[in-house]
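All remarks here apply to the structure that follows.
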Amino acid sequence: MTPLQALIAKRIRREGPISLSDYMSLALLHPEHGYYVTRDPLGRRGDFVTAPEVSQMFGELIGLWCADYWNRMGQPTPFSLVELGPGRGSLMADALRAAAALPGFLDAKELVLVEASPALRHLQQDRLGRYQPQWLTSLSELKQQATLLIANEFFDALPVRQFTRREARWLENMVGLSECGDELCLVISREPARHTPLLDRLYPQAQDDDVAELPAAAISLVHEIALRLRPPRGSGAPVQGAALIIDYGYYPSQPCATLQAVRAHSHHDPLVAPGEADLTAHVNFEALLMAAAEADARTWGPLDQGAFLTALGIEQRAAALAAQASPAQRQAIDAAKHRLTDPGQMGVLFKAAALTATATPVPAGFTE
Ligand code: SAH
């Protein structure tokens, strides 16, 4: 039993079953035993590999996306360049190297990293220290100024609640204790959930026994981002920025149970060994875009990652890198491009969506 499992079991014995979203928060971010707090989970020797760790091309193309949008906003100076959950800092390091091609960009940006993990903040300091980043734990501390925000594989780590449909009502799936001990198990609450209009809107076709997720934390974060992208009242400024969200997920919304645990590159039971495995849920892009539109942001996409990277020029970037590479390196560049864009790999499961202020240029890669 992990130390965190013992703490959770004790709490359940005291208070009764806890929501899956409370469980997920504890497993990922408990100040002493949380998964992200205690380690660097990324890379081949870690538990999973993300797109920026597959190839520098990913971050470079996102850097050019930012530079292009900053240019089209009229080069506001200064502006906040924000990354949510920067991991090892690889995406941002590659992005800044590429965006430096646009004169003025590096000097105008104020780099802001939103990171909960002390272990990963250290790595980010090593990679990005020379850009003088500021670390925040919440977006509410962000300055009111033009903002470009990037989030890759961040939203999947935000806690979700889960519900089961029974006799036309939603009952919440909770984490309780097995009858004979401290094993954690899923229990369905007997009382119907109280706040379900959003579930009904997201899943109007739900049938009895369907399981559906409510990305409550993601929805409030998207609201907060959308509010940031609005011009300050009376400023007359037409455009305040854009946010790019890339993650694995689904669109349109559909009832499904996607909470999963990954450890050493393989799946296992999310209720076993909390704190030792990465817990994530697929991102419900329709729920996020609906929340953004309600907060008066303009929404773009989602596009499949393969289509998005192709529109941004991954073929050309791969060809340029290959032109100066050894045969072995050429093979690696080609394999990475394939992994990022192929429909059987990350090309379709991963999606890109953007939010912008209402009166705004079209962000690169997306179409009206
Ligand atoms: N974007 C990186 C890392 C993805 S892993 C990449 O693509 O490689 C998820 C990242 O989000 C980690 O850096 C993790 O520590 C951070 N994170 C997860 N939940 C968080 C939260 N609630 N607040 C801030 N950071 C969080």
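In the structure tokens, chains take letters A, B, ... by order of appearance, with residues numbered from 1 within each chain and ligands from 1 in the order shown.
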Requested in this report: Select the residues contacting ligand 1 at a distance of at most 9 Å, based on only C-alpha atoms and all ligand atoms, then format the selection as number ranges by chain.
Outcome: A: 25, 28-29, 35-37, 39-43, 48-53, 83-92, 113-121, 136-138, 150-159, 217, 246-247
Query raised in the report: Which residues come within 10 Å of Asp200 of chain A, counting only C-alpha atoms, excluding same-chain residues fewer than 6 positions away, as number ranges by chain?
Result: A: 169-170, 206
Env of segment 298-315 of chain A: 9 Å cut, atoms = only C-alpha atoms, seq-sep filter 4 positions within chain, self excluded. Answer as a tab-separated table (two decimals) with N, CA and C atoms, in the first residue's frame.
```
chain	number	residue	atom	x	y	z
A	57	MET	N	10.61	19.67	-33.31
A	57	MET	CA	9.74	20.31	-34.32
A	57	MET	C	8.43	20.79	-33.69
A	58	PHE	N	7.93	20.04	-32.72
A	58	PHE	CA	6.64	20.36	-32.11
A	58	PHE	C	6.69	21.74	-31.46
A	61	LEU	N	7.25	24.68	-34.03
A	61	LEU	CA	6.06	25.10	-34.79
A	61	LEU	C	5.13	25.92	-33.90
A	62	ILE	N	5.05	25.54	-32.62
A	62	ILE	CA	4.20	26.31	-31.70
A	62	ILE	C	4.82	27.70	-31.45
A	64	LEU	N	6.47	29.39	-33.65
A	64	LEU	CA	6.15	30.19	-34.84
A	64	LEU	C	4.67	30.61	-34.81
A	65	TRP	N	3.81	29.72	-34.30
A	65	TRP	CA	2.38	30.04	-34.14
A	65	TRP	C	2.24	31.28	-33.24
A	226	ALA	N	-10.60	32.69	-20.89
A	226	ALA	CA	-11.41	33.51	-21.80
A	226	ALA	C	-11.53	34.93	-21.27
A	246	ILE	N	-3.63	21.86	-26.61
A	246	ILE	CA	-3.41	20.60	-27.35
A	246	ILE	C	-3.46	19.46	-26.34
A	247	ASP	N	-4.21	18.44	-26.68
A	247	ASP	CA	-4.33	17.33	-25.74
A	247	ASP	C	-4.99	16.14	-26.42
A	251	TYR	N	-14.26	14.85	-29.47
A	251	TYR	CA	-15.18	15.88	-29.93
A	251	TYR	C	-16.03	15.23	-31.00
A	285	PHE	N	-13.41	18.13	-25.56
A	285	PHE	CA	-13.18	19.42	-26.21
A	285	PHE	C	-14.47	20.21	-26.39
A	286	GLU	N	-15.57	19.51	-26.58
A	286	GLU	CA	-16.82	20.26	-26.74
A	286	GLU	C	-17.17	21.00	-25.45
A	289	LEU	N	-14.90	24.08	-25.27
A	289	LEU	CA	-15.22	25.15	-26.24
A	289	LEU	C	-16.55	25.80	-25.89
A	290	MET	N	-17.47	25.01	-25.35
A	290	MET	CA	-18.76	25.56	-24.91
A	290	MET	C	-18.53	26.57	-23.79
A	292	ALA	N	-15.82	28.24	-23.17
A	292	ALA	CA	-15.12	29.43	-23.70
A	292	ALA	C	-16.10	30.35	-24.41
A	293	ALA	N	-16.99	29.76	-25.20
A	293	ALA	CA	-17.97	30.58	-25.94
A	293	ALA	C	-18.89	31.30	-24.97
A	319	ALA	N	11.93	18.59	-43.55
A	319	ALA	CA	12.81	18.56	-44.72
A	319	ALA	C	14.03	19.45	-44.47
A	320	ALA	N	13.82	20.62	-43.84
A	320	ALA	CA	14.94	21.52	-43.57
A	320	ALA	C	15.93	20.87	-42.59
A	337	LYS	N	8.28	12.68	-36.99
A	337	LYS	CA	7.19	13.33	-37.74
A	337	LYS	C	6.01	12.36	-37.85
A	340	LEU	N	4.14	12.04	-34.52
A	340	LEU	CA	3.33	13.21	-34.16
A	340	LEU	C	2.09	13.36	-35.04
A	341	THR	N	2.17	12.88	-36.30
A	341	THR	CA	1.08	13.20	-37.24
A	341	THR	C	0.27	12.00	-37.73
A	342	ASP	N	0.79	10.79	-37.62
A	342	ASP	CA	0.09	9.64	-38.19
A	342	ASP	C	-1.21	9.37	-37.43
A	343	PRO	N	-2.32	9.12	-38.19
A	343	PRO	CA	-3.60	8.88	-37.52
A	343	PRO	C	-3.55	7.71	-36.53
A	346	MET	N	-0.14	9.74	-32.84
A	346	MET	CA	-0.69	10.88	-32.10
A	346	MET	C	-1.51	11.81	-32.99
A	347	GLY	N	-1.63	11.48	-34.28
A	347	GLY	CA	-2.20	12.42	-35.25
A	347	GLY	C	-3.67	12.72	-35.10
A	348	VAL	N	-4.46	11.78	-34.58
A	348	VAL	CA	-5.91	11.98	-34.51
A	348	VAL	C	-6.41	12.02	-33.07
A	349	LEU	N	-5.89	11.17	-32.23
A	349	LEU	CA	-6.31	11.17	-30.83
A	349	LEU	C	-6.01	12.52	-30.19
A	350	PHE	N	-4.88	13.11	-30.55
A	350	PHE	CA	-4.53	14.43	-30.02
A	350	PHE	C	-5.17	15.49	-30.90
A	351	LYS	N	-5.68	16.54	-30.25
A	351	LYS	CA	-6.37	17.60	-30.98
A	351	LYS	C	-5.88	18.97	-30.52
A	352	ALA	N	-6.03	19.94	-31.42
A	352	ALA	CA	-5.63	21.31	-31.09
A	352	ALA	C	-6.84	22.21	-31.20
A	353	ALA	N	-7.04	23.07	-30.20
A	353	ALA	CA	-8.12	24.06	-30.25
A	353	ALA	C	-7.56	25.38	-29.79
A	354	ALA	N	-8.13	26.48	-30.30
A	354	ALA	CA	-7.64	27.80	-29.88
A	354	ALA	C	-8.81	28.65	-29.40
A	355	LEU	N	-8.51	29.55	-28.48
A	355	LEU	CA	-9.46	30.56	-28.03
A	355	LEU	C	-8.84	31.92	-28.32
A	356	THR	N	-9.65	32.84	-28.78
A	356	THR	CA	-9.15	34.20	-28.99
A	356	THR	C	-10.23	35.18	-28.54
A	357	ALA	N	-9.86	36.46	-28.48
A	357	ALA	CA	-10.88	37.49	-28.25
A	357	ALA	C	-11.82	37.51	-29.47
A	358	THR	N	-12.97	38.13	-29.31
A	358	THR	CA	-13.98	38.01	-30.37
A	358	THR	C	-13.56	38.66	-31.69
A	359	ALA	N	-13.12	39.91	-31.65
A	359	ALA	CA	-12.70	40.54	-32.90
A	359	ALA	C	-11.21	40.28	-33.05
A	360	THR	N	-10.87	39.40	-33.97
A	360	THR	CA	-9.51	38.88	-33.87
A	360	THR	C	-9.04	38.28	-35.20
A	362	VAL	N	-7.43	35.35	-37.56
A	362	VAL	CA	-7.52	33.88	-37.49
A	362	VAL	C	-6.17	33.34	-37.02
A	363	PRO	N	-6.16	32.50	-35.98
A	363	PRO	CA	-4.86	31.94	-35.57
A	363	PRO	C	-4.34	30.95	-36.61
A	364	ALA	N	-3.01	30.91	-36.79
A	364	ALA	CA	-2.40	30.06	-37.81
A	364	ALA	C	-2.83	28.61	-37.63
A	365	GLY	N	-3.07	27.94	-38.75
A	365	GLY	CA	-3.44	26.53	-38.72
A	365	GLY	C	-4.95	26.31	-38.73
A	366	PHE	N	-5.71	27.32	-38.27
A	366	PHE	CA	-7.17	27.17	-38.20
A	366	PHE	C	-7.80	27.96	-39.36
A	367	THR	N	-9.02	27.62	-39.72
A	367	THR	CA	-9.70	28.39	-40.76
A	367	THR	C	-11.06	28.86	-40.23
A	368	GLU	N	-11.60	29.92	-40.84
A	368	GLU	CA	-12.90	30.49	-40.41
A	368	GLU	C	-13.99	29.45	-40.65
```
**Report entry** Two-atom distance - atom CA of His265 of chain A, atom CA of Glu32 of chain A (Å)
**Finding:** 23.6 Å
Report task. Mind checking which residues fall within 9 Å of Leu128 of chain A, counting only C-alpha atoms, ignoring those fewer than 2 positions away in the same chain, and posting them as a list in words? Result ->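 After dropping sequence-adjacent residues, the list is Gly89, Ser90, Met92, Ala93, Leu123, Gln124, Gln125, Asp126, Arg130, Tyr131, Gln132 and Pro133 of chain A.
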Keeping only C-alpha atoms, write the selected residues as a compact mmCIF listing (two decimals), in the first residue's frame.
```
# COMPACT_ATOMS: atom_id res chain seq x y z
CA GLY A 89 10.49 23.09 -20.36
CA SER A 90 11.30 21.47 -23.71
CA MET A 92 9.02 26.44 -24.43
CA ALA A 93 12.79 26.19 -25.08
CA LEU A 123 14.06 21.40 -14.50
CA GLN A 124 12.26 24.40 -15.99
CA GLN A 125 14.70 26.73 -14.21
CA ASP A 126 17.60 24.84 -15.82
CA ARG A 130 17.93 32.67 -19.08
CA TYR A 131 14.50 33.93 -20.17
CA GLN A 132 13.78 34.99 -16.57
CA PRO A 133 10.48 33.17 -16.13
```
Query - DSSP-assigned strand (DSSP E) among segment 32-240 of chain A, expressed as a ChimeraX atom specification - result: /A:79-84,109-114,134-136,147-152,161-166,169-177,184-192,211-214
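Nearest to Arg13 of chain A of all the residues A:Thr38, A:Ala98, A:Glu179, A:Ala67 is A:Glu179, based on only C-alpha atoms.
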Query raised in the report: Taking the backbone alone, and naming residues the way the document does, which bits of segment 111-146 of chain A are helix (DSSP H, G or I) by DSSP, as a ChimeraX atom specification?
Result: /A:118-131,139-141
Query raised in the report: Of the candidates A:Val112, A:Leu149, A:Cys256, A:Asp22, which one gets nearest to Gly129 of chain A if we count only C-alpha atoms?
Result: A:Val112
